[in-house]
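Structure record follows, encoded as structure tokens.
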Amino acid sequence: MSMRYDLVINCDLREDVSEDAIEAIRYLIDPNYELKKTPYLPYKDPRYPDIGDMWKYFEPYRFLVPDPQHDIISNFRRIHRTTIPMENNREVYRYRLQYCGSMLHDDYFAQSHMPFIYWLANVVYGDFIGYYTETQIGSRKVHLLHVKDGRLEPSR
């Protein structure tokens with residue numbers, strides 16, 4: 001039997017996230033969403049200098065689309081996070097991404113979800129994206145998804 005993965009993402013995006021990033025996530029989550037233009041999703045990590053635009057790894061697969069029959073739940077929306085009195089009561093809004101996929105096939109996870117997680121580290125606010133578990137007969141491992149300086153860090 002092949003390995004299976006469960007993935008949970010629960011994070012906010014930075015305030016300055018690009019419109020291309022928002023467009024891409026909307027496209028990946030909503031099966032009816034039509035792109036206004038092809039997103040450009042730069043991936044800057046010296047460990048992988050040849051990747052360039054991550055969009056080539058995502059499109060045309062809408063792998064974040066909710067599918068309750070297959071235990072896939074996702075949500076992407078803009079929410080009010082705080083008001084900053086010291087900045088003339090500036091209101092802070094961020095996009096929140098929530099995703100939960102259960103029993104994802106290893107090929108599907110490796111080809112779509114992991115590149116997305118690596119890219120997401122570039123635009124996430126905070127230092128934690130979520131976690132994934134890998135399950136094979138007789139074993140189960142949990143991997144926390146931490147971010148440091150815009151890059152995914154090894155599981156702690």
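Ordering of the structure tokens sets the chain letters (A, B, ...); residue numbers start at 1 within each chain; ligands are numbered from 1 in the order shown.
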Any idea what's packed within 12 Å of Pro68 (chain A), counting only C-alpha atoms, ignoring anything in its chain fewer than 5 positions away? Could you give it as an MDAnalysis selection string?
-> chainID A and resid 73:74 99:102
Mind listing the strand (DSSP E or B) residues of region 16-153 of chain A, per DSSP on the backbone, as a count of residues only?
-> 58
Determine, counting only C-alpha atoms, which protein, DNA and RNA residues have an atom within 9 Å of an atom of Glu134 (chain A); residues of the same chain fewer than 3 positions away are not included. Present the result as a PyMOL selection string.
-> chain A and resi 3-7+103+106+139-143
Any idea what's packed within 12 Å of region 109-115 of chain A, counting only C-alpha atoms, ignoring anything in its chain fewer than 4 positions away? Could you give it as a PyMOL selection string?
-> chain A and resi 2-9+28+41+43+48+51+53-64+99-105+119-122+131-134+145+151-152
I'd like a table as a tab-separated table: residues in region 65-110 of chain A with an atom no more than 9 Å from region 15-20 of chain A, each row giving the shortest atom pair and its distance in Å to one decimal, only C-alpha atoms counted, sorted by chain and rising residue number.
residue	atom	partner	partner_atom	distance
A:Val92	CA	A:Glu15	CA	7.6
A:Tyr93	CA	A:Glu15	CA	6.9
A:Arg94	CA	A:Glu15	CA	5.6
A:Tyr95	CA	A:Glu15	CA	7.9
Once DSSP has gone over the backbone, tell me which residues of chain A are in helix (DSSP H, G or I), as a PyMOL selection string.
-> chain A and resi 19-29+55-58+68-70+85-87+106-120
Would you output that residue set with C-alpha atoms, as a PDB file, in the first residue's frame?
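result-v2.pdb, freshly written:
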ATOM      1  CA  GLU A  19      -2.857  40.281  -5.953  1.00  0.00           C
ATOM      2  CA  ASP A  20      -1.361  37.407  -7.981  1.00  0.00           C
ATOM      3  CA  ALA A  21      -1.058  35.307  -4.823  1.00  0.00           C
ATOM      4  CA  ILE A  22      -4.663  36.032  -3.864  1.00  0.00           C
ATOM      5  CA  GLU A  23      -5.850  35.231  -7.393  1.00  0.00           C
ATOM      6  CA  ALA A  24      -3.927  31.947  -7.415  1.00  0.00           C
ATOM      7  CA  ILE A  25      -5.363  30.754  -4.100  1.00  0.00           C
ATOM      8  CA  ARG A  26      -8.882  31.748  -5.114  1.00  0.00           C
ATOM      9  CA  TYR A  27      -8.443  29.754  -8.324  1.00  0.00           C
ATOM     10  CA  LEU A  28      -7.106  26.694  -6.493  1.00  0.00           C
ATOM     11  CA  ILE A  29      -9.978  26.711  -3.969  1.00  0.00           C
ATOM     12  CA  TRP A  55       2.414  28.704 -10.842  1.00  0.00           C
ATOM     13  CA  LYS A  56       3.668  26.060 -13.290  1.00  0.00           C
ATOM     14  CA  TYR A  57       3.370  23.493 -10.465  1.00  0.00           C
ATOM     15  CA  PHE A  58      -0.209  24.419  -9.559  1.00  0.00           C
ATOM     16  CA  PRO A  68     -16.722  16.734   1.531  1.00  0.00           C
ATOM     17  CA  GLN A  69     -17.094  13.260  -0.005  1.00  0.00           C
ATOM     18  CA  HIS A  70     -13.306  12.892   0.123  1.00  0.00           C
ATOM     19  CA  PRO A  85      -4.745  52.794  17.924  1.00  0.00           C
ATOM     20  CA  MET A  86      -1.133  54.045  17.669  1.00  0.00           C
ATOM     21  CA  GLU A  87      -1.570  54.281  13.879  1.00  0.00           C
ATOM     22  CA  ASP A 106       1.413  10.254  -1.944  1.00  0.00           C
ATOM     23  CA  ASP A 107       1.855  11.235  -5.618  1.00  0.00           C
ATOM     24  CA  TYR A 108      -0.884  13.835  -5.411  1.00  0.00           C
ATOM     25  CA  PHE A 109       0.554  15.226  -2.166  1.00  0.00           C
ATOM     26  CA  ALA A 110       4.132  15.404  -3.473  1.00  0.00           C
ATOM     27  CA  GLN A 111       3.286  16.943  -6.843  1.00  0.00           C
ATOM     28  CA  SER A 112       0.740  19.547  -5.728  1.00  0.00           C
ATOM     29  CA  HIS A 113       0.502  20.091  -1.994  1.00  0.00           C
ATOM     30  CA  MET A 114       4.189  20.175  -1.041  1.00  0.00           C
ATOM     31  CA  PRO A 115       5.162  22.731  -3.722  1.00  0.00           C
ATOM     32  CA  PHE A 116       2.198  24.820  -2.554  1.00  0.00           C
ATOM     33  CA  ILE A 117       3.375  24.646   1.069  1.00  0.00           C
ATOM     34  CA  TYR A 118       6.905  25.688   0.076  1.00  0.00           C
ATOM     35  CA  TRP A 119       5.501  28.644  -1.875  1.00  0.00           C
ATOM     36  CA  LEU A 120       3.018  29.545   0.882  1.00  0.00           C
TER      37      LEU A 120
END
Val124 (chain A) surroundings by only C-alpha atoms, 8 Å radius, close-in-sequence under 3 positions cut, as a list of chain:residue names = A:Cys11, A:Asp12, A:Leu13, A:Arg14, A:Leu120, A:Ala121, A:Asp127, A:Ile129, A:Gly150
With only C-alpha atoms as the atoms that count, which of A:Pro42, A:Pro49, A:Pro31, A:Gly130 lies nearest to Leu97 (chain A)?
-> A:Gly130
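The residue that comes closest to Asn75 (chain A), out of A:Asp50, A:Leu35, A:Asp30, A:Glu153 and on the basis of only C-alpha atoms, is A:Asp30.
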